[in-house]
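*Asks:* Contents of model_25.txt (compact mmCIF, C-alpha atoms) are given next:
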# COMPACT_ATOMS: atom_id res chain seq x y z
CA MET A 1 -27.74 -51.00 49.13
CA THR A 2 -31.32 -50.35 48.02
CA LEU A 3 -34.41 -52.13 49.27
CA ASP A 4 -35.63 -54.94 47.01
CA ILE A 5 -39.25 -53.98 47.50
CA ALA A 6 -40.76 -56.95 45.67
CA ALA A 7 -38.81 -59.46 47.75
CA PHE A 8 -39.50 -57.46 50.91
CA ARG A 9 -43.26 -57.31 50.32
CA ALA A 10 -43.40 -61.08 49.83
CA ASN A 11 -42.90 -61.44 53.61
CA PHE A 12 -46.27 -59.82 54.40
CA PRO A 13 -49.41 -61.94 53.92
CA ALA A 14 -51.64 -58.90 54.54
CA LEU A 15 -50.39 -57.33 51.31
CA LEU A 16 -51.94 -60.18 49.32
CA THR A 17 -55.34 -58.54 49.85
CA GLY A 18 -54.30 -55.77 47.45
CA THR A 19 -54.85 -53.02 49.99
CA ALA A 20 -52.40 -50.12 49.83
CA TYR A 21 -51.66 -49.27 53.46
CA PHE A 22 -50.77 -45.67 54.31
CA ASP A 23 -51.62 -45.97 58.01
CA GLY A 24 -48.08 -46.66 59.25
CA PRO A 25 -48.18 -44.19 62.17
CA GLY A 26 -51.19 -46.08 63.54
CA GLY A 27 -49.61 -49.51 63.20
CA THR A 28 -47.93 -51.72 60.64
CA GLN A 29 -48.59 -55.07 59.03
CA ALA A 30 -46.51 -57.95 60.39
CA PRO A 31 -44.27 -60.31 58.41
CA THR A 32 -44.78 -64.06 58.48
CA VAL A 33 -41.80 -64.63 60.79
CA VAL A 34 -43.40 -62.56 63.54
CA GLY A 35 -46.60 -64.61 63.47
CA ALA A 36 -44.57 -67.81 63.38
CA ALA A 37 -42.52 -66.76 66.40
CA ILE A 38 -45.67 -66.00 68.38
CA ALA A 39 -47.26 -69.33 67.42
CA ASP A 40 -44.09 -71.27 68.17
CA ALA A 41 -43.66 -69.68 71.59
CA ILE A 42 -47.22 -70.29 72.73
CA THR A 43 -47.49 -73.85 71.40
CA SER A 44 -44.07 -75.02 72.58
CA PRO A 45 -43.70 -76.20 76.19
CA LEU A 46 -44.27 -73.05 78.26
CA SER A 47 -44.72 -72.25 81.92
CA ASN A 48 -43.58 -69.65 84.43
CA ARG A 49 -39.92 -68.65 84.19
CA GLY A 50 -37.26 -70.83 85.70
CA SER A 51 -34.29 -73.03 84.91
CA GLY A 52 -35.31 -76.54 85.97
CA MET A 53 -37.67 -77.59 83.19
CA GLY A 54 -37.70 -77.02 79.46
CA SER A 55 -40.98 -75.13 79.64
CA GLU A 56 -39.49 -72.81 82.28
CA ARG A 57 -36.36 -72.24 80.23
CA ASN A 58 -38.46 -71.40 77.17
CA ALA A 59 -40.21 -68.67 79.12
CA GLU A 60 -36.91 -67.33 80.43
CA ALA A 61 -35.45 -67.33 76.91
CA ALA A 62 -38.42 -65.36 75.58
CA VAL A 63 -37.91 -62.65 78.21
CA SER A 64 -34.13 -62.42 77.91
CA GLY A 65 -34.35 -62.50 74.10
CA PHE A 66 -36.83 -59.64 74.15
CA ARG A 67 -34.68 -57.50 76.43
CA GLU A 68 -31.55 -58.10 74.35
CA ALA A 69 -33.38 -57.36 71.07
CA MET A 70 -34.84 -54.09 72.33
CA ALA A 71 -31.49 -53.08 73.82
CA ASP A 72 -29.87 -53.61 70.42
CA LEU A 73 -32.63 -51.72 68.62
CA LEU A 74 -32.55 -48.69 70.91
CA GLY A 75 -28.96 -48.55 72.15
CA ALA A 76 -29.83 -49.50 75.72
CA HIS A 77 -28.83 -52.03 78.39
CA PRO A 78 -30.96 -55.22 78.60
CA ARG A 79 -31.50 -54.61 82.33
CA GLY A 80 -32.99 -51.25 81.42
CA VAL A 81 -35.72 -52.68 79.15
CA VAL A 82 -39.21 -52.65 80.64
CA TYR A 83 -42.12 -54.46 78.96
CA GLY A 84 -45.58 -52.91 78.93
CA ARG A 85 -48.98 -53.47 77.36
CA SER A 86 -48.58 -50.22 75.45
CA ALA A 87 -46.49 -47.05 75.45
CA THR A 88 -49.49 -45.24 76.92
CA GLN A 89 -49.68 -47.69 79.82
CA LEU A 90 -45.96 -47.37 80.48
CA THR A 91 -46.13 -43.57 80.46
CA TYR A 92 -49.04 -43.61 82.91
CA ASP A 93 -47.12 -46.02 85.14
CA PHE A 94 -43.92 -43.99 85.12
CA SER A 95 -45.74 -40.69 85.62
CA ARG A 96 -47.03 -42.17 88.89
CA HIS A 97 -43.66 -43.59 89.88
CA LEU A 98 -41.92 -40.25 89.29
CA ALA A 99 -44.66 -38.10 90.80
CA LYS A 100 -43.90 -39.64 94.18
CA THR A 101 -40.88 -37.31 94.26
CA TRP A 102 -42.75 -34.15 93.19
CA GLN A 103 -44.31 -31.48 95.37
CA PRO A 104 -46.09 -28.12 95.02
CA GLY A 105 -43.81 -25.61 93.30
CA ASP A 106 -42.15 -28.23 91.11
CA GLU A 107 -42.66 -27.84 87.36
CA ILE A 108 -43.35 -30.42 84.67
CA VAL A 109 -42.86 -29.49 81.00
CA VAL A 110 -44.92 -30.99 78.17
CA SER A 111 -45.15 -30.21 74.45
CA ARG A 112 -48.13 -29.26 72.29
CA LEU A 113 -46.54 -31.26 69.47
CA ASP A 114 -47.00 -34.55 71.32
CA HIS A 115 -49.47 -37.40 71.18
CA ASP A 116 -51.76 -37.09 74.20
CA SER A 117 -50.19 -40.20 75.75
CA ASN A 118 -47.09 -38.10 76.48
CA ILE A 119 -49.12 -35.15 77.77
CA ARG A 120 -52.14 -36.19 79.81
CA PRO A 121 -50.38 -38.69 82.13
CA TRP A 122 -47.91 -35.96 83.15
CA VAL A 123 -50.59 -33.25 83.46
CA GLN A 124 -52.75 -35.50 85.62
CA ALA A 125 -49.84 -36.65 87.78
CA ALA A 126 -48.73 -33.04 88.27
CA ASP A 127 -52.25 -31.95 89.20
CA ALA A 128 -52.48 -34.74 91.77
CA VAL A 129 -49.46 -33.43 93.72
CA GLY A 130 -49.90 -29.71 93.07
CA ALA A 131 -47.00 -29.35 90.63
CA THR A 132 -47.16 -26.76 87.84
CA VAL A 133 -47.39 -27.67 84.14
CA ARG A 134 -45.52 -25.58 81.58
CA TRP A 135 -45.76 -25.90 77.81
CA ILE A 136 -43.41 -26.09 74.84
CA ASP A 137 -45.17 -24.71 71.76
CA PHE A 138 -44.71 -25.13 68.02
CA ASP A 139 -45.35 -22.90 65.02
CA PRO A 140 -48.42 -24.15 63.13
CA GLU A 141 -47.14 -22.61 59.89
CA THR A 142 -43.73 -24.27 59.86
CA THR A 143 -44.68 -27.14 62.24
CA GLU A 144 -41.31 -26.58 63.94
CA ILE A 145 -40.78 -26.36 67.70
CA ASP A 146 -40.84 -22.79 69.05
CA GLU A 147 -37.33 -22.47 70.50
CA ALA A 148 -38.32 -19.43 72.57
CA SER A 149 -41.02 -21.46 74.29
CA VAL A 150 -38.43 -24.12 75.18
CA ALA A 151 -36.24 -21.51 76.87
CA ALA A 152 -39.24 -20.08 78.71
CA ALA A 153 -40.67 -23.43 79.81
CA ILE A 154 -37.54 -24.98 81.37
CA THR A 155 -36.59 -23.34 84.66
CA GLU A 156 -34.68 -24.15 87.83
CA ARG A 157 -37.90 -25.70 89.16
CA THR A 158 -38.30 -28.16 86.28
CA LYS A 159 -38.37 -31.80 87.37
CA LEU A 160 -39.22 -33.47 84.09
CA VAL A 161 -39.52 -32.60 80.40
CA ALA A 162 -41.72 -34.83 78.22
CA ILE A 163 -41.10 -34.46 74.49
CA THR A 164 -41.74 -36.49 71.36
CA ALA A 165 -38.89 -37.55 69.10
CA ALA A 166 -41.26 -37.33 66.12
CA SER A 167 -44.84 -36.09 65.84
CA ASN A 168 -47.28 -38.82 64.90
CA LEU A 169 -49.53 -36.14 63.38
CA LEU A 170 -47.11 -34.02 61.36
CA GLY A 171 -43.88 -36.00 61.24
CA THR A 172 -41.86 -33.15 62.78
CA LYS A 173 -38.67 -34.26 64.55
CA PRO A 174 -37.98 -31.67 67.25
CA PRO A 175 -34.42 -30.96 68.47
CA VAL A 176 -34.62 -33.51 71.25
CA ARG A 177 -30.94 -33.35 72.18
CA ARG A 178 -30.96 -29.56 72.61
CA ILE A 179 -34.11 -29.79 74.72
CA ALA A 180 -32.59 -32.61 76.78
CA ASP A 181 -29.40 -30.63 77.36
CA ALA A 182 -31.45 -27.67 78.61
CA ALA A 183 -33.39 -29.96 80.93
CA HIS A 184 -30.29 -31.69 82.28
CA ALA A 185 -28.64 -28.31 82.91
CA VAL A 186 -31.27 -27.67 85.60
CA GLY A 187 -31.25 -31.23 86.94
CA ALA A 188 -34.47 -32.35 85.23
CA LEU A 189 -35.22 -35.75 83.74
CA VAL A 190 -36.25 -36.21 80.10
CA TYR A 191 -39.00 -38.60 78.97
CA VAL A 192 -39.04 -39.14 75.20
CA ASP A 193 -41.98 -40.56 73.28
CA GLY A 194 -40.23 -42.54 70.56
CA VAL A 195 -43.29 -44.40 69.26
CA HIS A 196 -43.39 -42.76 65.83
CA TYR A 197 -39.65 -42.05 65.69
CA THR A 198 -38.46 -45.63 66.20
CA ALA A 199 -40.19 -46.80 63.03
CA HIS A 200 -38.22 -44.31 60.92
CA ALA A 201 -34.80 -43.85 62.52
CA ALA A 202 -31.74 -45.62 63.86
CA VAL A 203 -32.38 -44.98 67.55
CA ASP A 204 -29.59 -44.05 69.95
CA VAL A 205 -31.16 -43.22 73.30
CA ALA A 206 -27.93 -41.83 74.77
CA ALA A 207 -27.33 -39.57 71.77
CA LEU A 208 -30.87 -38.20 72.11
CA GLY A 209 -30.23 -37.41 75.77
CA ALA A 210 -33.30 -39.37 76.86
CA ASP A 211 -33.50 -40.60 80.44
CA PHE A 212 -36.61 -42.58 79.52
CA PHE A 213 -37.56 -43.64 75.99
CA ALA A 214 -40.82 -45.38 75.10
CA CYS A 215 -41.81 -47.10 71.87
CA SER A 216 -44.28 -49.64 70.47
CA PRO A 217 -43.18 -52.68 68.42
CA TYR A 218 -46.41 -52.77 66.43
CA LYS A 219 -45.29 -49.54 64.77
CA PHE A 220 -42.23 -51.36 63.38
CA LEU A 221 -43.69 -54.65 62.10
CA GLY A 222 -44.10 -56.35 65.49
CA PRO A 223 -46.97 -57.32 67.80
CA HIS A 224 -49.03 -54.99 69.98
CA CYS A 225 -47.06 -54.09 73.11
CA GLY A 226 -44.96 -51.29 74.57
CA VAL A 227 -41.31 -50.89 75.57
CA LEU A 228 -39.58 -48.43 77.88
CA VAL A 229 -35.83 -48.18 78.27
CA ALA A 230 -33.78 -46.33 80.86
CA ASP A 231 -30.44 -46.66 82.61
CA PRO A 232 -30.71 -49.55 85.10
CA GLU A 233 -29.30 -47.32 87.84
CA LEU A 234 -32.06 -44.79 87.24
CA LEU A 235 -34.66 -47.56 87.42
CA GLU A 236 -33.08 -48.73 90.70
CA SER A 237 -33.84 -45.30 92.17
CA LEU A 238 -37.60 -45.60 91.55
CA GLN A 239 -39.94 -47.47 93.87
CA PRO A 240 -43.19 -48.51 92.19
CA ASP A 241 -46.21 -49.78 94.06
CA LYS A 242 -46.23 -53.54 93.58
CA LEU A 243 -47.32 -56.83 95.11
CA LEU A 244 -45.42 -57.75 98.27
CA PRO A 245 -44.11 -61.13 97.07
CA SER A 246 -43.17 -59.90 93.58
CA THR A 247 -39.51 -59.37 92.79
CA ASN A 248 -37.78 -56.10 93.54
CA ALA A 249 -35.21 -56.70 90.79
CA VAL A 250 -34.87 -54.24 87.90
CA PRO A 251 -36.53 -54.16 85.41
CA GLU A 252 -39.00 -56.78 86.68
CA ARG A 253 -40.21 -54.59 89.53
CA PHE A 254 -42.02 -52.44 86.93
CA GLU A 255 -43.71 -55.36 85.14
CA PHE A 256 -46.89 -56.36 86.94
CA GLY A 257 -47.99 -59.99 86.65
CA THR A 258 -46.89 -62.80 84.37
CA LEU A 259 -45.36 -61.58 81.14
CA PRO A 260 -46.82 -62.53 77.71
CA TYR A 261 -43.91 -64.64 76.51
CA GLU A 262 -45.39 -65.23 73.06
CA ILE A 263 -45.76 -61.48 72.41
CA MET A 264 -42.20 -60.91 73.57
CA ALA A 265 -41.01 -63.61 71.17
CA GLY A 266 -42.89 -61.92 68.34
CA ALA A 267 -41.30 -58.55 69.14
CA THR A 268 -37.85 -60.15 69.10
CA ALA A 269 -38.62 -61.68 65.71
CA ALA A 270 -39.59 -58.25 64.39
CA VAL A 271 -36.22 -56.83 65.46
CA ASP A 272 -34.39 -59.73 63.83
CA PHE A 273 -36.42 -59.21 60.65
CA LEU A 274 -35.44 -55.56 60.57
CA ALA A 275 -31.79 -56.43 61.15
CA ALA A 276 -31.85 -58.76 58.14
CA ILE A 277 -32.86 -56.02 55.68
CA ALA A 278 -29.15 -55.23 55.15
CA PRO A 279 -27.69 -58.65 56.06
CA ALA A 280 -24.22 -58.25 54.59
CA ALA A 281 -23.64 -54.68 55.66
CA GLU A 282 -22.36 -55.20 59.20
CA THR A 283 -21.68 -57.81 61.87
CA GLY A 284 -23.56 -57.72 65.14
CA ARG A 285 -27.30 -57.11 65.39
CA ARG A 286 -27.00 -53.52 66.61
CA ALA A 287 -24.83 -52.57 63.64
CA ARG A 288 -27.09 -54.43 61.21
CA LEU A 289 -30.12 -52.63 62.58
CA ARG A 290 -28.48 -49.27 62.00
CA ALA A 291 -27.52 -50.24 58.45
CA SER A 292 -31.03 -51.51 57.76
CA ALA A 293 -32.55 -48.31 59.14
CA HIS A 294 -30.51 -46.36 56.60
CA VAL A 295 -31.81 -48.52 53.74
CA VAL A 296 -35.41 -48.12 54.91
CA ASP A 297 -34.99 -44.38 55.40
CA GLU A 298 -33.75 -43.92 51.84
CA HIS A 299 -36.68 -45.94 50.50
CA GLU A 300 -39.30 -44.08 52.53
CA LEU A 301 -37.78 -40.67 51.79
CA ALA A 302 -37.96 -41.35 48.05
CA LEU A 303 -41.62 -42.32 48.37
CA ARG A 304 -42.39 -39.27 50.50
CA ARG A 305 -40.87 -36.97 47.90
CA ARG A 306 -42.86 -38.74 45.20
CA ILE A 307 -46.08 -38.11 47.14
CA GLU A 308 -45.16 -34.47 47.80
CA ALA A 309 -44.50 -33.89 44.11
CA GLY A 310 -47.84 -35.44 43.25
CA LEU A 311 -49.68 -33.35 45.81
CA THR A 312 -48.05 -30.21 44.41
CA LYS A 313 -49.54 -31.01 41.00
CA LEU A 314 -53.00 -30.94 42.57
CA GLY A 315 -52.49 -27.25 43.34
CA ASP A 316 -54.87 -25.45 45.68
CA ALA A 317 -57.13 -28.47 45.94
CA VAL A 318 -54.81 -29.92 48.62
CA THR A 319 -53.03 -28.29 51.56
CA LEU A 320 -49.93 -30.03 52.91
CA HIS A 321 -49.40 -29.17 56.58
CA SER A 322 -46.24 -31.22 57.24
CA ARG A 323 -43.52 -28.66 56.59
CA ALA A 324 -40.69 -29.18 59.09
CA GLN A 325 -37.19 -29.45 57.68
CA ASP A 326 -36.49 -32.67 59.56
CA ARG A 327 -39.45 -35.04 59.56
CA THR A 328 -40.60 -38.60 59.07
CA PRO A 329 -42.38 -39.91 55.94
CA THR A 330 -45.73 -38.83 57.38
CA LEU A 331 -47.88 -36.20 55.67
CA LEU A 332 -50.92 -34.40 57.04
CA VAL A 333 -53.20 -32.95 54.37
CA THR A 334 -56.58 -31.24 54.10
CA PHE A 335 -58.77 -30.35 51.15
CA PRO A 336 -60.11 -26.77 51.14
CA GLY A 337 -63.87 -26.85 50.76
CA ARG A 338 -63.97 -30.62 51.11
CA SER A 339 -64.09 -33.08 53.99
CA SER A 340 -61.03 -35.13 54.90
CA ALA A 341 -63.39 -37.82 56.19
CA ASP A 342 -64.92 -37.97 52.71
CA ALA A 343 -61.41 -38.33 51.26
CA TYR A 344 -60.75 -41.27 53.59
CA ARG A 345 -63.97 -42.97 52.50
CA PHE A 346 -63.25 -42.29 48.83
CA LEU A 347 -59.82 -43.89 49.15
CA ALA A 348 -61.19 -46.81 51.16
CA ASP A 349 -63.61 -47.59 48.33
CA GLN A 350 -60.52 -48.08 46.16
CA ASP A 351 -58.81 -50.29 48.73
CA ILE A 352 -56.42 -47.57 49.89
CA LEU A 353 -56.11 -46.99 53.62
CA ALA A 354 -55.19 -43.43 54.64
CA PRO A 355 -57.17 -42.52 57.75
CA ALA A 356 -58.67 -39.17 58.69
CA GLY A 357 -58.78 -37.78 62.22
CA SER A 358 -56.65 -36.05 64.83
CA PHE A 359 -54.90 -39.28 65.87
CA TYR A 360 -54.76 -38.59 69.61
CA ALA A 361 -52.52 -35.60 68.94
CA TYR A 362 -55.16 -33.48 70.64
CA GLU A 363 -53.07 -30.43 71.51
CA ALA A 364 -51.26 -30.39 68.17
CA PHE A 365 -54.49 -30.66 66.19
CA GLN A 366 -56.07 -27.84 68.19
CA ARG A 367 -52.96 -25.72 67.70
CA MET A 368 -53.14 -26.19 63.91
CA ASN A 369 -56.62 -24.58 63.97
CA LEU A 370 -57.67 -26.35 60.78
CA GLU A 371 -60.98 -25.57 59.09
CA ASP A 372 -61.77 -29.28 58.89
CA SER A 373 -62.72 -31.33 61.96
CA ALA A 374 -60.28 -34.01 60.76
CA ALA A 375 -57.26 -34.27 58.47
CA LEU A 376 -56.00 -37.01 56.19
CA ARG A 377 -52.76 -38.60 57.33
CA ILE A 378 -50.58 -40.37 54.77
CA GLY A 379 -48.04 -42.43 56.66
CA LEU A 380 -45.48 -44.63 54.95
CA ALA A 381 -44.08 -47.97 56.06
CA PRO A 382 -41.14 -49.95 54.62
CA TYR A 383 -43.42 -52.19 52.53
CA ASN A 384 -45.03 -49.32 50.61
CA SER A 385 -44.13 -49.29 46.92
CA ASP A 386 -44.10 -46.94 43.94
CA ASP A 387 -47.29 -48.66 42.75
CA ASP A 388 -48.96 -47.90 46.10
CA VAL A 389 -48.00 -44.24 45.75
CA ASP A 390 -49.24 -44.07 42.15
CA ARG A 391 -52.59 -45.54 43.21
CA LEU A 392 -52.86 -43.03 46.04
CA LEU A 393 -52.06 -40.01 43.88
CA THR A 394 -54.43 -41.09 41.12
CA ALA A 395 -57.22 -41.58 43.65
CA LEU A 396 -56.61 -38.21 45.30
CA GLY A 397 -56.64 -36.57 41.87
CA ASP A 398 -60.03 -38.16 41.18
CA PHE A 399 -61.30 -37.05 44.60
CA VAL A 400 -60.47 -33.37 44.07
CA ALA A 401 -61.46 -33.30 40.39
CA PRO A 402 -64.26 -30.81 39.57
For this file, write the structure as structure tokens.
*Replies:*
Amino acid sequence: MTLDIAAFRANFPALLTGTAYFDGPGGTQAPTVVGAAIADAITSPLSNRGSGMGSERNAEAAVSGFREAMADLLGAHPRGVVYGRSATQLTYDFSRHLAKTWQPGDEIVVSRLDHDSNIRPWVQAADAVGATVRWIDFDPETTEIDEASVAAAITERTKLVAITAASNLLGTKPPVRRIADAAHAVGALVYVDGVHYTAHAAVDVAALGADFFACSPYKFLGPHCGVLVADPELLESLQPDKLLPSTNAVPERFEFGTLPYEIMAGATAAVDFLAAIAPAAETGRRARLRASAHVVDEHELALRRRIEAGLTKLGDAVTLHSRAQDRTPTLLVTFPGRSSADAYRFLADQDILAPAGSFYAYEAFQRMNLEDSAALRIGLAPYNSDDDVDRLLTALGDFVAP
């Protein structure tokens, strides 16, 4: 099955503006059904969760529906799905929960390839208890993980390894399972940032070897929130600081205050929308999601190759830094002798959104040691089309023209 891009794009009111969006790693446009689900949830009878009244049952259904949807999307158990305001907030929370078990001499491993939200919370939590931070590096030329640094970083003292499943800056997909196996061999836990990865892959948390996996629905056509999944038994072993009267049940013990039922309903609608991309392929939402992910991947890969071919034709005027063998449809480029910020503004004047910056990938951007203070990131989403790509390549050709 191939993606009917015209029919698919018709679901997105934002595309009617004519803007070509290449900012997928920063967030995606939402289909009509997601907005409708949010509106329906918040305008229908709604109150705190319970079973006695219709408004209570509506709230309960929004929460249980969200947990089941995210479990299907990620290959997790509904009782292991934790809601959060953002993936950053969840990582900060869980760094504090886990740090309660750390002490001086323990080691925490982070990666220079990661978004800072999967680095700084762990560095700060380790510093607070006197634990040591060790680093996994990557090669700035190939943008691949440095395997020797993995072997050197993980030791018998390692308590946790934090690693991205896909770089939001470069698109690189590191060998998460091999890293997880090395961590588990010494009894360490593995925290995987799946924010960028989830938008471009059929996620199987167990196959990745992740003990904790975080993602953000607004990266895959949903509303702004965060999700963390883990084995319910692992969550049972953690004791967060919380209000005395609040429940001690898992996963609710990690969710502070009343949940935003309307946002949860919108996230569930996004998962259902994704599952319907390949509606006749499989039965069961989990299987449909995997089939749909394959269709989307084929579409995005074709567009990525089209962009890469077009950039090659521009010769030395453009430098493509995304070079890993296994990577998402995300391309980081600079323009020798020119400003990437100027390229962003030039494209914006033509109603093309491809942002310039370092995108919170602070360590990765520093490691690249680029001449420019920013870089242009071209990030694809499922609704991008051949026409979008042609507009982008024509505009970039005009930008670099003598």
*Asks:* If you take every atom of range 355-364 of chain A that the file lists and fit an axis-aligned box around them with 5 Å extra on each side, what centre and edge lengths come out in Å to one decimal, as lines of an AutoDock Vina configuration file?
*Replies:*
center_x = -55.0
center_y = -36.5
center_z = 64.6
size_x = 17.5
size_y = 22.1
size_z = 23.8
*Asks:* Using 6 Å as the limit and counting only C-alpha atoms, can you tabulate each residue of range 93-209 of chain A that touches range 60-82 of chain A, with its shortest atom-to-atom distance in Å and the two atoms involved, as CSV?
*Replies:*
residue,atom,partner,partner_atom,distance
A:Val203,CA,A:Leu74,CA,5.0
A:Asp204,CA,A:Gly75,CA,5.0
A:Val205,CA,A:Gly75,CA,5.9
*Asks:* In Å, how far is it from CA of Ile154 in chain A to CA of Ala201 in chain A?
*Replies:*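 Taking CA of Ile154 in chain A and CA of Ala201 in chain A, their separation equals 26.8 Å.
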*Asks:* At most 8 Å is the cut-off: for each residue in range 168-212 of chain A with any atom that close to an atom of range 314-322 of chain A, write down the nearest atom pair and the distance in Å rounded to one decimal, counting only C-alpha atoms, chain first then increasing number, as CSV.
*Replies:*
residue,atom,partner,partner_atom,distance
A:Leu170,CA,A:Ser322,CA,5.1
A:Gly171,CA,A:Ser322,CA,6.7
A:Thr172,CA,A:Ser322,CA,7.3
*Asks:* Would you mind reading off the distance between CA of Ala37 in chain A and CA of Thr268 in chain A, one decimal, in Å?
*Replies:*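 Distance reported for this atom pair: 8.5 Å.
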*Asks:* Counting all atoms listed in the file, find residues at most 12 Å from (-54.6, -24.6, 67.1) (file frame) and give them as JSON, numbers by chain.
*Replies:* {"A": [112, 113, 137, 138, 139, 140, 141, 143, 358, 361, 362, 363, 364, 365, 366, 367, 368, 369, 370, 371, 372, 373]}
*Asks:* Applying 10 Å and all atoms listed in the file, which residues near Lys159 in chain A remain after dropping the ones on its own chain fewer than 6 positions away? List them as a list of chain:residue names.
*Replies:* A:Leu98, A:Ala99, A:Thr101, A:Trp102, A:Gln103, A:Asp106, A:Glu107, A:Ile108, A:Val109, A:Ala131, A:Ala183, A:His184, A:Val186, A:Gly187, A:Ala188, A:Leu189, A:Val190
*Asks:* Excluding Ile352 in chain A and its own-chain neighbours fewer than 2 positions away, which residues fall within 7 Å of it when counting only C-alpha atoms? Please give them as JSON, numbers by chain.
*Replies:* {"A": [19, 20, 21, 347, 348, 350, 354, 392]}
*Asks:* Which of these residues is nearest to Asp388 in chain A, using all atoms listed in the file: A:Leu303, A:Ala214, A:Val34, A:Ala343?
*Replies:* A:Leu303
*Asks:* Mind rebuilding range 112-117 of chain A with all heavy atoms and writing that out as a PDB file, keeping the file's coordinate frame?
*Replies:*
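See part34.pdb below for the written result:
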ATOM      1  N   ARG A 112     -46.898 -29.241  73.082  1.00  0.00           N
ATOM      2  CA  ARG A 112     -48.130 -29.260  72.290  1.00  0.00           C
ATOM      3  C   ARG A 112     -47.977 -30.068  71.003  1.00  0.00           C
ATOM      4  O   ARG A 112     -48.974 -30.357  70.334  1.00  0.00           O
ATOM      5  CB  ARG A 112     -48.586 -27.840  71.969  1.00  0.00           C
ATOM      6  CG  ARG A 112     -48.936 -27.038  73.206  1.00  0.00           C
ATOM      7  CD  ARG A 112     -49.774 -25.814  72.904  1.00  0.00           C
ATOM      8  NE  ARG A 112     -49.910 -24.984  74.091  1.00  0.00           N
ATOM      9  CZ  ARG A 112     -50.777 -25.206  75.086  1.00  0.00           C
ATOM     10  NH1 ARG A 112     -51.591 -26.250  75.016  1.00  0.00           N
ATOM     11  NH2 ARG A 112     -50.821 -24.409  76.130  1.00  0.00           N
ATOM     12  N   LEU A 113     -46.764 -30.461  70.668  1.00  0.00           N
ATOM     13  CA  LEU A 113     -46.540 -31.260  69.470  1.00  0.00           C
ATOM     14  C   LEU A 113     -46.840 -32.736  69.710  1.00  0.00           C
ATOM     15  O   LEU A 113     -47.000 -33.498  68.767  1.00  0.00           O
ATOM     16  CB  LEU A 113     -45.078 -31.102  69.023  1.00  0.00           C
ATOM     17  CG  LEU A 113     -44.679 -31.639  67.658  1.00  0.00           C
ATOM     18  CD1 LEU A 113     -45.422 -30.918  66.542  1.00  0.00           C
ATOM     19  CD2 LEU A 113     -43.170 -31.490  67.456  1.00  0.00           C
ATOM     20  N   ASP A 114     -46.962 -33.133  70.960  1.00  0.00           N
ATOM     21  CA  ASP A 114     -47.000 -34.550  71.320  1.00  0.00           C
ATOM     22  C   ASP A 114     -48.367 -35.202  71.154  1.00  0.00           C
ATOM     23  O   ASP A 114     -49.416 -34.555  71.221  1.00  0.00           O
ATOM     24  CB  ASP A 114     -46.562 -34.725  72.766  1.00  0.00           C
ATOM     25  CG  ASP A 114     -45.062 -34.839  72.914  1.00  0.00           C
ATOM     26  OD1 ASP A 114     -44.361 -33.835  72.720  1.00  0.00           O
ATOM     27  OD2 ASP A 114     -44.596 -35.951  73.204  1.00  0.00           O
ATOM     28  N   HIS A 115     -48.322 -36.514  70.997  1.00  0.00           N
ATOM     29  CA  HIS A 115     -49.470 -37.400  71.180  1.00  0.00           C
ATOM     30  C   HIS A 115     -49.950 -37.221  72.625  1.00  0.00           C
ATOM     31  O   HIS A 115     -49.145 -37.009  73.531  1.00  0.00           O
ATOM     32  CB  HIS A 115     -49.012 -38.834  70.915  1.00  0.00           C
ATOM     33  CG  HIS A 115     -50.087 -39.867  70.895  1.00  0.00           C
ATOM     34  ND1 HIS A 115     -50.747 -40.280  72.030  1.00  0.00           N
ATOM     35  CD2 HIS A 115     -50.602 -40.609  69.873  1.00  0.00           C
ATOM     36  CE1 HIS A 115     -51.624 -41.224  71.714  1.00  0.00           C
ATOM     37  NE2 HIS A 115     -51.554 -41.435  70.400  1.00  0.00           N
ATOM     38  N   ASP A 116     -51.249 -37.342  72.854  1.00  0.00           N
ATOM     39  CA  ASP A 116     -51.760 -37.090  74.200  1.00  0.00           C
ATOM     40  C   ASP A 116     -51.227 -38.062  75.236  1.00  0.00           C
ATOM     41  O   ASP A 116     -51.254 -37.770  76.436  1.00  0.00           O
ATOM     42  CB  ASP A 116     -53.294 -37.118  74.200  1.00  0.00           C
ATOM     43  CG  ASP A 116     -53.890 -36.207  75.258  1.00  0.00           C
ATOM     44  OD1 ASP A 116     -53.526 -35.007  75.302  1.00  0.00           O
ATOM     45  OD2 ASP A 116     -54.708 -36.692  76.066  1.00  0.00           O
ATOM     46  N   SER A 117     -50.737 -39.225  74.792  1.00  0.00           N
ATOM     47  CA  SER A 117     -50.190 -40.200  75.750  1.00  0.00           C
ATOM     48  C   SER A 117     -48.905 -39.708  76.398  1.00  0.00           C
ATOM     49  O   SER A 117     -48.488 -40.263  77.426  1.00  0.00           O
ATOM     50  CB  SER A 117     -49.925 -41.533  75.048  1.00  0.00           C
ATOM     51  OG  SER A 117     -48.896 -41.399  74.079  1.00  0.00           O
TER      52      SER A 117
END
